[in-house]
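Asker: Before I ask anything, here is the structure I am working with.
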There are 2 protein chains.
Amino acid sequence: MTTTTRINGHATDQVASSDRGLMYGDGLFETITCVAARPRWLALHLQRLRRGCERLQLPFADFEALGAEIQTMANGPGRCIVKLILTRGPARQRGYRPDGNETPTRILTRHEWPAAVAASDFRVGISGVRLGMNPLLAGLKHLNRLEQVMAQTAMRTAPLEETLMLASAGQVIGGSMSNVFFANDSGLFTPALDDCGVAGVMRQLVCEAAAAAGSAVQVRAVDPGELPRVHEAFVTNVRWGVQSITALEGRALSRRSHAQELRRLIDASAS
Amino acid sequence: MTTTTRINGHATDQVASSDRGLMYGDGLFETITCVAARPRWLALHLQRLRRGCERLQLPFADFEALGAEIQTMANGPGRCIVKLILTRGPARQRGYRPDGNETPTRILTRHEWPAAVAASDFRVGISGVRLGMNPLLAGLKHLNRLEQVMAQTAMRTAPLEETLMLASAGQVIGGSMSNVFFANDSGLFTPALDDCGVAGVMRQLVCEAAAAAGSAVQVRAVDPGELPRVHEAFVTNVRWGVQSITALEGRALSRRSHAQELRRLIDASAS
């Protein structure tokens, strides 16, 4: 991995072991795709980050300077990924309780754009690892990611590109690193994320594009029993964009029309 | 906070920002109480850590050397706390998936023993923050602790010593940093931890002591509706030991007999 790291504005890749991000996963992150020195959808990433800070009562406010730092990190030719980790900062006292006067740590890392998966053969299964439900944390891209780690660990032996995760109560939530959309005869729908899951930037763009095109995405609870009847499905994140699922739990899905149209709409609005 | 830190055997308190412990909370921890240079219940701590490594497929095996390091860290007069964080180590590739060849990071920190809470006035409430349920992670002392951070954050404005957390399905699980036991006319009982919660070392000692004394603790689902009828309650962790709850959600609890007897049995077996 070729990476460049800056922490709190300094060229270092070392962080205090007393950082609450390490001790408790007490922080948030964003993965920002950059093309030709431009961080894409930066405002949406910062918006989600701000929502996360509010929800976690993480006392960070300087989103404008942070945006400029991300912009600087994105500089350079071609494409890259800029990852931001924002933690509550070094612990000021023992134990879980923050005293409210922590100084957040911001870690920015520039990564090469990873090799693409074969978009023409994108198989998706259902993970045996479920997601705990917690409305307080739902939607946020926080640092408590052991469930995703375990789901991805299980995929080491499975010929899959992504795996769908169910909530502990059984409903479909999304991919281990993506959101998911389905289509049946009634149109497009995507899981509600009131109990768990990450509200992705690309998910938001898809919902907005579909609504603007006059065919709003239904956001609702999705039962896994519905999956055998969907005729199109795709996963989304800012790196993959809108990625059609070619096989869902072994069942081939050949339709691509929703995905193609949404990709066209999102590309058009980005340029 | 006066602390000494050693990471992977070196006197440093800096860790790579690419450590999976920081990125995903991908690791475990133990908080070990030490008295007169002796880490108490070290075997039980290492046993739980080993269980955690197995469950997370975290490739750490050298528990003997780790035990010796903890012992060295405990050296010195009086009492101290040695905290161990064991992460999966620096990421070797992007994304949640470990490649299985990571080199775990072990962080040992020696802390002063914190000032005691007033054991004679120990008020406990019920937190509005619930615990997501995930059998795969239940019982482990892993680094995904945002729920506990949020529960403790809410306590900043409440005159409480500890707060009980319910699972998302509603059953009582334990304190934000302790396990909990209750007594009614049928005897002692404590929440089952099959879905969430940390299986504490002191919890295990209490269960073993009670069983040895002929009055086994019932481990079962506990409905919050039962709490108004319990006549004794206590929380446990290795620092507090067996700590009687003097008021549970504002209701005074005056009985201490189970707690006193268990404290006596555990002290006797430790010496």
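By order of appearance in the structure tokens: chains A, B, ..., then residues from 1 within every chain, and ligands from 1 in the order shown.
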Taking only residues of chain B that have an atom at most 7 Å from an atom of chain A, what is each one's shortest atom pair and its distance in Å to one decimal, using only C-alpha atoms, in chain and number order, as CSV?
Answerer:
residue,atom,partner,partner_atom,distance
B:Met1,CA,A:Gln93,CA,6.5
B:Asp13,CA,A:Ser17,CA,5.4
B:Gln14,CA,A:Ala16,CA,4.7
B:Val15,CA,A:Val15,CA,5.3
B:Ala16,CA,A:Gln14,CA,4.7
B:Ser17,CA,A:Asp13,CA,5.4
B:Gly21,CA,A:Leu22,CA,5.5
B:Leu22,CA,A:Leu22,CA,4.1
B:Met23,CA,A:Leu143,CA,6.2
B:Tyr24,CA,A:Arg145,CA,4.7
B:Gly25,CA,A:Gly25,CA,5.0
B:Asp26,CA,A:Leu146,CA,5.8
B:Gln93,CA,A:Met1,CA,6.5
B:Tyr96,CA,A:Val149,CA,4.8
B:Arg97,CA,A:Gln152,CA,4.9
B:Pro98,CA,A:Thr153,CA,6.4
B:Arg130,CA,A:Asn134,CA,6.7
B:Leu131,CA,A:Asn134,CA,6.7
B:Gly132,CA,A:Gly132,CA,4.0
B:Met133,CA,A:Gly132,CA,4.6
B:Asn134,CA,A:Gly132,CA,5.4
B:Leu143,CA,A:Tyr24,CA,5.1
B:Asn144,CA,A:Asn144,CA,4.7
B:Arg145,CA,A:Tyr24,CA,4.7
B:Leu146,CA,A:Asp26,CA,5.8
B:Gln148,CA,A:Tyr96,CA,6.4
B:Val149,CA,A:Tyr96,CA,4.8
B:Gln152,CA,A:Arg97,CA,4.9
B:Thr153,CA,A:Arg97,CA,5.5
B:Ser168,CA,A:Met133,CA,6.5
Asker: Might you pull out every residue within 12 Å of Val222 (chain A), with only C-alpha atoms counted and same-chain residues fewer than 6 positions away left off, and present them as a PyMOL selection string?
Answerer: chain A and resi 164-167+169-174+180-183+188-193+230
Asker: Smallest atom-to-atom distance to Leu205 (chain B): which of B:Leu140, B:Leu44, B:Cys53, B:Leu248, using only C-alpha atoms?
Answerer: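 Of B:Leu140, B:Leu44, B:Cys53, B:Leu248, the one nearest Leu205 (chain B), counting only C-alpha atoms, is B:Leu44.
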Asker: So that I can check the surroundings of Leu66 (chain A), please list as a PyMOL selection string every protein, DNA and RNA residue that reaches within 12 Å of it, counting only C-alpha atoms and ignoring chain neighbours fewer than 5 positions away.
Answerer: chain A and resi 6-9+30+42-43+45-46+49-50+60-61+71-73+84-86+104-108
Asker: Would you save the residues from that selection as a PDB file, in the first residue's frame, using N, CA and C atoms?
Answerer:
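Now in again-v2.pdb:
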ATOM      1  N   ARG A   6      -1.168  12.399   6.984  1.00  0.00           N
ATOM      2  CA  ARG A   6      -0.989  13.623   7.775  1.00  0.00           C
ATOM      3  C   ARG A   6      -1.940  13.556   8.964  1.00  0.00           C
ATOM      4  N   ILE A   7      -1.403  13.858  10.130  1.00  0.00           N
ATOM      5  CA  ILE A   7      -2.226  13.820  11.343  1.00  0.00           C
ATOM      6  C   ILE A   7      -2.216  15.204  11.971  1.00  0.00           C
ATOM      7  N   ASN A   8      -3.388  15.750  12.166  1.00  0.00           N
ATOM      8  CA  ASN A   8      -3.533  17.107  12.716  1.00  0.00           C
ATOM      9  C   ASN A   8      -2.626  18.105  11.987  1.00  0.00           C
ATOM     10  N   GLY A   9      -2.536  17.938  10.682  1.00  0.00           N
ATOM     11  CA  GLY A   9      -1.780  18.883   9.866  1.00  0.00           C
ATOM     12  C   GLY A   9      -0.302  18.593   9.744  1.00  0.00           C
ATOM     13  N   GLU A  30     -14.468   8.812   6.868  1.00  0.00           N
ATOM     14  CA  GLU A  30     -15.018   9.069   5.543  1.00  0.00           C
ATOM     15  C   GLU A  30     -14.014   8.551   4.525  1.00  0.00           C
ATOM     16  N   LEU A  42     -17.573  16.202  -1.781  1.00  0.00           N
ATOM     17  CA  LEU A  42     -16.965  16.574  -0.494  1.00  0.00           C
ATOM     18  C   LEU A  42     -18.001  17.141   0.472  1.00  0.00           C
ATOM     19  N   ALA A  43     -18.905  17.964  -0.046  1.00  0.00           N
ATOM     20  CA  ALA A  43     -19.914  18.579   0.834  1.00  0.00           C
ATOM     21  C   ALA A  43     -20.771  17.501   1.510  1.00  0.00           C
ATOM     22  N   HIS A  45     -19.879  14.359   2.125  1.00  0.00           N
ATOM     23  CA  HIS A  45     -19.048  13.658   3.124  1.00  0.00           C
ATOM     24  C   HIS A  45     -18.967  14.483   4.412  1.00  0.00           C
ATOM     25  N   LEU A  46     -18.730  15.779   4.252  1.00  0.00           N
ATOM     26  CA  LEU A  46     -18.597  16.627   5.441  1.00  0.00           C
ATOM     27  C   LEU A  46     -19.930  16.760   6.181  1.00  0.00           C
ATOM     28  N   LEU A  49     -20.287  13.672   8.202  1.00  0.00           N
ATOM     29  CA  LEU A  49     -19.342  13.769   9.317  1.00  0.00           C
ATOM     30  C   LEU A  49     -19.891  14.693  10.407  1.00  0.00           C
ATOM     31  N   ARG A  50     -20.465  15.796   9.993  1.00  0.00           N
ATOM     32  CA  ARG A  50     -21.026  16.745  10.953  1.00  0.00           C
ATOM     33  C   ARG A  50     -22.174  16.105  11.730  1.00  0.00           C
ATOM     34  N   PHE A  60     -15.962  18.629  17.462  1.00  0.00           N
ATOM     35  CA  PHE A  60     -15.178  19.118  16.325  1.00  0.00           C
ATOM     36  C   PHE A  60     -16.056  20.087  15.545  1.00  0.00           C
ATOM     37  N   ALA A  61     -15.480  21.210  15.129  1.00  0.00           N
ATOM     38  CA  ALA A  61     -16.315  22.226  14.470  1.00  0.00           C
ATOM     39  C   ALA A  61     -15.701  22.756  13.181  1.00  0.00           C
ATOM     40  N   GLN A  71      -8.822  18.723   0.386  1.00  0.00           N
ATOM     41  CA  GLN A  71      -8.530  19.231  -0.963  1.00  0.00           C
ATOM     42  C   GLN A  71      -7.024  19.160  -1.253  1.00  0.00           C
ATOM     43  N   THR A  72      -6.216  19.599  -0.296  1.00  0.00           N
ATOM     44  CA  THR A  72      -4.756  19.554  -0.474  1.00  0.00           C
ATOM     45  C   THR A  72      -4.266  18.116  -0.642  1.00  0.00           C
ATOM     46  N   MET A  73      -4.832  17.232   0.173  1.00  0.00           N
ATOM     47  CA  MET A  73      -4.446  15.813   0.104  1.00  0.00           C
ATOM     48  C   MET A  73      -4.807  15.215  -1.252  1.00  0.00           C
ATOM     49  N   LEU A  84     -10.360   9.823   5.674  1.00  0.00           N
ATOM     50  CA  LEU A  84     -10.296  10.660   6.868  1.00  0.00           C
ATOM     51  C   LEU A  84     -10.783   9.848   8.055  1.00  0.00           C
ATOM     52  N   ILE A  85      -9.991   9.860   9.112  1.00  0.00           N
ATOM     53  CA  ILE A  85     -10.467   9.352  10.405  1.00  0.00           C
ATOM     54  C   ILE A  85     -10.491  10.538  11.357  1.00  0.00           C
ATOM     55  N   LEU A  86     -11.615  10.736  12.000  1.00  0.00           N
ATOM     56  CA  LEU A  86     -11.728  11.816  12.990  1.00  0.00           C
ATOM     57  C   LEU A  86     -12.104  11.166  14.321  1.00  0.00           C
ATOM     58  N   PRO A 104     -10.035  16.646  19.258  1.00  0.00           N
ATOM     59  CA  PRO A 104     -10.147  15.575  18.263  1.00  0.00           C
ATOM     60  C   PRO A 104      -8.876  15.392  17.433  1.00  0.00           C
ATOM     61  N   THR A 105      -8.653  14.186  17.001  1.00  0.00           N
ATOM     62  CA  THR A 105      -7.529  13.838  16.133  1.00  0.00           C
ATOM     63  C   THR A 105      -8.058  13.642  14.712  1.00  0.00           C
ATOM     64  N   ARG A 106      -7.436  14.310  13.755  1.00  0.00           N
ATOM     65  CA  ARG A 106      -7.837  14.073  12.361  1.00  0.00           C
ATOM     66  C   ARG A 106      -6.669  13.451  11.605  1.00  0.00           C
ATOM     67  N   ILE A 107      -6.953  12.307  11.023  1.00  0.00           N
ATOM     68  CA  ILE A 107      -5.945  11.523  10.300  1.00  0.00           C
ATOM     69  C   ILE A 107      -6.362  11.470   8.844  1.00  0.00           C
ATOM     70  N   LEU A 108      -5.532  12.007   7.984  1.00  0.00           N
ATOM     71  CA  LEU A 108      -5.832  11.990   6.555  1.00  0.00           C
ATOM     72  C   LEU A 108      -4.813  11.108   5.847  1.00  0.00           C
TER      73      LEU A 108
END
Asker: Using only C-alpha atoms, determine which residues lie at most 8 Å from region 37-41 of chain A, disregarding the query and same-chain residues fewer than 6 positions distant; provide the list as a list in words.
Answerer: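 Within the cut-off, the hits are Ile70, Gln71, Ala74, Asn75, Gly76, Pro77, Gly78, Arg79 and Val201 of chain A.
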Asker: Would you export the selected residues with C-alpha atoms as a PDB file, in the first residue's frame, please?
Answerer:
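Produced file again02.pdb, reproduced below:
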ATOM      1  CA  ILE A  70      -8.813  17.108   2.177  1.00  0.00           C
ATOM      2  CA  GLN A  71      -8.530  19.231  -0.963  1.00  0.00           C
ATOM      3  CA  ALA A  74      -6.335  15.173  -3.138  1.00  0.00           C
ATOM      4  CA  ASN A  75      -3.870  17.203  -5.192  1.00  0.00           C
ATOM      5  CA  GLY A  76      -2.068  15.284  -7.892  1.00  0.00           C
ATOM      6  CA  PRO A  77      -2.859  13.741 -11.233  1.00  0.00           C
ATOM      7  CA  GLY A  78      -5.226  10.838 -11.793  1.00  0.00           C
ATOM      8  CA  ARG A  79      -7.474   9.250  -9.237  1.00  0.00           C
ATOM      9  CA  VAL A 201     -23.019   9.182   0.110  1.00  0.00           C
TER      10      VAL A 201
END
Asker: Just want the 12 Å neighbourhood of Gln204 (chain A), counted on only C-alpha atoms, with same-chain residues fewer than 5 positions away dropped. Output as a VMD selection string.
Answerer: chain A and resid 41 44 to 45 47 to 48 139 179 to 181 190 198 to 199 209 to 211 216 to 217 219 236 to 238 241 to 242 262 266
Asker: Got time to write the residues from that selection, C-alpha atoms, as a compact mmCIF listing (two decimals), in the first residue's frame?
Answerer:
# COMPACT_ATOMS: atom_id res chain seq x y z
CA TRP A 41 -19.06 14.99 -3.21
CA LEU A 44 -21.94 15.39 1.34
CA HIS A 45 -19.05 13.66 3.12
CA GLN A 47 -22.35 16.79 6.02
CA ARG A 48 -22.42 13.17 7.19
CA GLY A 139 -26.43 5.65 9.65
CA ASN A 179 -25.57 0.05 0.35
CA VAL A 180 -27.97 -2.07 -1.64
CA PHE A 181 -30.94 -1.33 -3.89
CA THR A 190 -33.61 0.16 -0.45
CA VAL A 198 -24.19 3.26 7.12
CA ALA A 199 -26.06 5.93 5.17
CA ALA A 209 -31.24 11.08 -8.84
CA ALA A 210 -34.17 8.66 -8.85
CA ALA A 211 -36.47 11.20 -7.23
CA ALA A 216 -38.56 7.82 -6.06
CA VAL A 217 -36.80 4.97 -4.28
CA VAL A 219 -36.91 3.38 1.70
CA THR A 236 -23.44 1.43 -4.16
CA ASN A 237 -20.51 3.22 -2.62
CA VAL A 238 -18.48 6.18 -3.81
CA GLY A 241 -20.59 3.94 -7.94
CA VAL A 242 -23.70 1.99 -8.95
CA LEU A 262 -28.94 6.03 -12.41
CA ILE A 266 -25.28 10.76 -11.41
Asker: Mind giving me the straight-line distance from CA of Lys83 (chain A) to CA of Gly175 (chain A) in Å, one decimal?
Answerer: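 For CA of Lys83 (chain A) relative to CA of Gly175 (chain A), the distance reads 19.4 Å.
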Asker: Extract the full set of helix (DSSP H, G or I) residues from region 11-139 of chain A according to DSSP on the backbone, and format it as number ranges by chain.
Answerer: A: 20-24, 42-56, 63-74
Asker: Write the residues you've just listed into a file as a short mmCIF file (atom, residue, chain, number, x, y, z; two decimals), in the first residue's frame, and include N, CA and C atoms for each of them.
Answerer:
data_model
loop_
_atom_site.label_atom_id
_atom_site.label_comp_id
_atom_site.auth_asym_id
_atom_site.auth_seq_id
_atom_site.Cartn_x
_atom_site.Cartn_y
_atom_site.Cartn_z
N ARG A 20 -8.72 7.90 21.93
CA ARG A 20 -9.98 7.20 22.16
C ARG A 20 -10.47 6.47 20.92
N GLY A 21 -9.97 6.90 19.76
CA GLY A 21 -10.29 6.16 18.54
C GLY A 21 -9.78 4.73 18.63
N LEU A 22 -8.60 4.58 19.17
CA LEU A 22 -8.01 3.25 19.34
C LEU A 22 -8.61 2.51 20.53
N MET A 23 -8.82 3.22 21.63
CA MET A 23 -9.28 2.54 22.84
C MET A 23 -10.72 2.04 22.73
N TYR A 24 -11.57 2.84 22.06
CA TYR A 24 -13.00 2.52 22.05
C TYR A 24 -13.65 2.56 20.67
N LEU A 42 -17.57 16.20 -1.78
CA LEU A 42 -16.97 16.57 -0.49
C LEU A 42 -18.00 17.14 0.47
N ALA A 43 -18.90 17.96 -0.05
CA ALA A 43 -19.91 18.58 0.83
C ALA A 43 -20.77 17.50 1.51
N LEU A 44 -21.11 16.46 0.76
CA LEU A 44 -21.94 15.39 1.34
C LEU A 44 -21.15 14.60 2.40
N HIS A 45 -19.88 14.36 2.12
CA HIS A 45 -19.05 13.66 3.12
C HIS A 45 -18.97 14.48 4.41
N LEU A 46 -18.73 15.78 4.25
CA LEU A 46 -18.60 16.63 5.44
C LEU A 46 -19.93 16.76 6.18
N GLN A 47 -21.01 16.72 5.42
CA GLN A 47 -22.35 16.79 6.02
C GLN A 47 -22.59 15.56 6.91
N ARG A 48 -22.25 14.39 6.37
CA ARG A 48 -22.42 13.17 7.19
C ARG A 48 -21.52 13.20 8.40
N LEU A 49 -20.29 13.67 8.20
CA LEU A 49 -19.34 13.77 9.32
C LEU A 49 -19.89 14.69 10.41
N ARG A 50 -20.47 15.80 9.99
CA ARG A 50 -21.03 16.74 10.95
C ARG A 50 -22.17 16.10 11.73
N ARG A 51 -23.02 15.37 11.02
CA ARG A 51 -24.13 14.65 11.67
C ARG A 51 -23.55 13.67 12.70
N GLY A 52 -22.48 12.99 12.32
CA GLY A 52 -21.85 12.03 13.23
C GLY A 52 -21.30 12.71 14.47
N CYS A 53 -20.64 13.84 14.27
CA CYS A 53 -20.08 14.59 15.42
C CYS A 53 -21.20 15.01 16.37
N GLU A 54 -22.31 15.47 15.80
CA GLU A 54 -23.44 15.88 16.65
C GLU A 54 -23.96 14.69 17.45
N ARG A 55 -24.14 13.58 16.75
CA ARG A 55 -24.73 12.41 17.41
C ARG A 55 -23.80 11.88 18.50
N LEU A 56 -22.51 11.85 18.24
CA LEU A 56 -21.55 11.34 19.24
C LEU A 56 -21.10 12.41 20.23
N PHE A 63 -15.02 22.39 10.07
CA PHE A 63 -15.22 21.59 8.86
C PHE A 63 -14.65 22.29 7.63
N GLU A 64 -14.59 23.61 7.67
CA GLU A 64 -14.07 24.35 6.52
C GLU A 64 -12.57 24.07 6.34
N ALA A 65 -11.81 24.20 7.44
CA ALA A 65 -10.37 23.92 7.36
C ALA A 65 -10.13 22.45 7.01
N LEU A 66 -10.97 21.58 7.53
CA LEU A 66 -10.83 20.16 7.22
C LEU A 66 -11.05 19.91 5.73
N GLY A 67 -12.06 20.58 5.18
CA GLY A 67 -12.32 20.46 3.75
C GLY A 67 -11.11 20.90 2.93
N ALA A 68 -10.47 21.98 3.37
CA ALA A 68 -9.28 22.47 2.66
C ALA A 68 -8.13 21.46 2.76
N GLU A 69 -8.00 20.83 3.93
CA GLU A 69 -6.96 19.81 4.08
C GLU A 69 -7.21 18.61 3.16
N ILE A 70 -8.47 18.23 3.06
CA ILE A 70 -8.81 17.11 2.18
C ILE A 70 -8.49 17.49 0.73
N GLN A 71 -8.82 18.72 0.39
CA GLN A 71 -8.53 19.23 -0.96
C GLN A 71 -7.02 19.16 -1.25
N THR A 72 -6.22 19.60 -0.30
CA THR A 72 -4.76 19.55 -0.47
C THR A 72 -4.27 18.12 -0.64
N MET A 73 -4.83 17.23 0.17
CA MET A 73 -4.45 15.81 0.10
C MET A 73 -4.81 15.21 -1.25
N ALA A 74 -5.86 15.73 -1.86
CA ALA A 74 -6.34 15.17 -3.14
C ALA A 74 -5.48 15.62 -4.31
#
Asker: By how many Å are CA of Glu261 (chain B) and CA of Ser120 (chain B) apart?
Answerer: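 Pair CA of Glu261 (chain B) / CA of Ser120 (chain B) returns 16.7 Å.
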Asker: Just the strand (DSSP E or B) stuff from region 118-200 of chain B, please, per backbone DSSP, written as a list in words.
Answerer: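 Here is the list: Arg123, Val124, Gly125, Ile126, Leu131, Gly139, His142, Glu162, Thr163, Leu164, Met165, Leu166, Ala167, Val172, Ile173, Gly174, Gly175, Asn179, Val180, Phe181, Phe182, Ala183, Asn184, Gly187, Leu188, Phe189, Thr190, Pro191 and Val198 of chain B.
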Asker: Atoms to include: N, CA and C atoms. Write the selected residues as a CSV table (one decimal), in the first residue's frame.
Answerer:
chain,number,residue,atom,x,y,z
B,123,ARG,N,-25.3,4.7,43.6
B,123,ARG,CA,-26.6,4.8,42.9
B,123,ARG,C,-26.5,4.3,41.5
B,124,VAL,N,-27.4,3.5,41.0
B,124,VAL,CA,-27.4,3.0,39.7
B,124,VAL,C,-28.8,3.3,39.0
B,125,GLY,N,-28.7,3.7,37.8
B,125,GLY,CA,-29.9,3.9,37.0
B,125,GLY,C,-30.0,3.0,35.8
B,126,ILE,N,-30.9,3.3,34.9
B,126,ILE,CA,-31.0,2.5,33.6
B,126,ILE,C,-30.7,3.5,32.5
B,131,LEU,N,-27.9,-1.7,23.9
B,131,LEU,CA,-26.8,-2.5,23.3
B,131,LEU,C,-27.3,-3.3,22.1
B,139,GLY,N,-19.9,-11.2,25.0
B,139,GLY,CA,-19.0,-11.8,26.0
B,139,GLY,C,-17.6,-11.2,25.9
B,142,HIS,N,-14.0,-6.5,23.5
B,142,HIS,CA,-13.4,-6.0,22.2
B,142,HIS,C,-13.4,-4.5,22.2
B,162,GLU,N,-23.1,4.3,38.3
B,162,GLU,CA,-23.1,3.3,37.2
B,162,GLU,C,-24.5,3.3,36.6
B,163,THR,N,-24.6,2.8,35.3
B,163,THR,CA,-25.9,2.8,34.7
B,163,THR,C,-26.0,1.4,34.0
B,164,LEU,N,-27.2,0.9,34.2
B,164,LEU,CA,-27.5,-0.5,33.6
B,164,LEU,C,-27.9,-0.3,32.1
B,165,MET,N,-27.4,-1.2,31.3
B,165,MET,CA,-27.8,-1.1,29.9
B,165,MET,C,-28.6,-2.3,29.5
B,166,LEU,N,-29.7,-2.0,28.7
B,166,LEU,CA,-30.5,-3.1,28.2
B,166,LEU,C,-30.1,-3.4,26.7
B,167,ALA,N,-30.4,-4.6,26.3
B,167,ALA,CA,-30.1,-5.0,24.9
B,167,ALA,C,-31.2,-4.4,24.1
B,172,VAL,N,-32.2,-6.8,30.4
B,172,VAL,CA,-31.1,-6.2,31.2
B,172,VAL,C,-29.8,-7.0,30.8
B,173,ILE,N,-28.7,-6.3,30.6
B,173,ILE,CA,-27.4,-7.0,30.3
B,173,ILE,C,-26.4,-6.7,31.4
B,174,GLY,N,-26.2,-5.5,31.7
B,174,GLY,CA,-25.2,-5.2,32.8
B,174,GLY,C,-24.9,-3.7,32.8
B,175,GLY,N,-23.9,-3.4,33.7
B,175,GLY,CA,-23.6,-2.0,33.8
B,175,GLY,C,-22.7,-1.6,32.6
B,179,ASN,N,-20.6,-5.9,35.5
B,179,ASN,CA,-21.7,-6.9,35.4
B,179,ASN,C,-22.6,-6.6,36.6
B,180,VAL,N,-23.8,-7.2,36.5
B,180,VAL,CA,-24.8,-6.9,37.5
B,180,VAL,C,-25.4,-8.3,38.0
B,181,PHE,N,-25.6,-8.3,39.3
B,181,PHE,CA,-26.3,-9.5,39.9
B,181,PHE,C,-27.5,-8.9,40.8
B,182,PHE,N,-28.5,-9.8,40.8
B,182,PHE,CA,-29.7,-9.4,41.6
B,182,PHE,C,-30.0,-10.6,42.5
B,183,ALA,N,-30.7,-10.3,43.6
B,183,ALA,CA,-31.3,-11.3,44.4
B,183,ALA,C,-32.8,-11.1,44.7
B,184,ASN,N,-33.5,-12.1,44.6
B,184,ASN,CA,-34.9,-12.1,45.1
B,184,ASN,C,-35.1,-13.3,46.0
B,187,GLY,N,-33.2,-16.4,45.2
B,187,GLY,CA,-31.8,-16.5,45.2
B,187,GLY,C,-31.2,-15.5,44.2
B,188,LEU,N,-29.9,-15.7,43.9
B,188,LEU,CA,-29.1,-14.8,43.0
B,188,LEU,C,-29.3,-15.1,41.6
B,189,PHE,N,-29.4,-14.1,40.7
B,189,PHE,CA,-29.4,-14.3,39.3
B,189,PHE,C,-28.7,-13.1,38.6
B,190,THR,N,-28.2,-13.4,37.4
B,190,THR,CA,-27.4,-12.5,36.6
B,190,THR,C,-27.8,-12.6,35.2
B,191,PRO,N,-27.7,-11.6,34.4
B,191,PRO,CA,-28.1,-11.7,33.0
B,191,PRO,C,-27.2,-12.6,32.2
B,198,VAL,N,-20.2,-7.9,28.2
B,198,VAL,CA,-18.9,-8.4,28.5
B,198,VAL,C,-18.9,-9.4,29.6
Asker: Measure the distance from CA of Ala116 (chain B) to CA of Ala138 (chain B) in Å and round it to one decimal.
Answerer: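 Between these atoms lies a distance of 28.7 Å.
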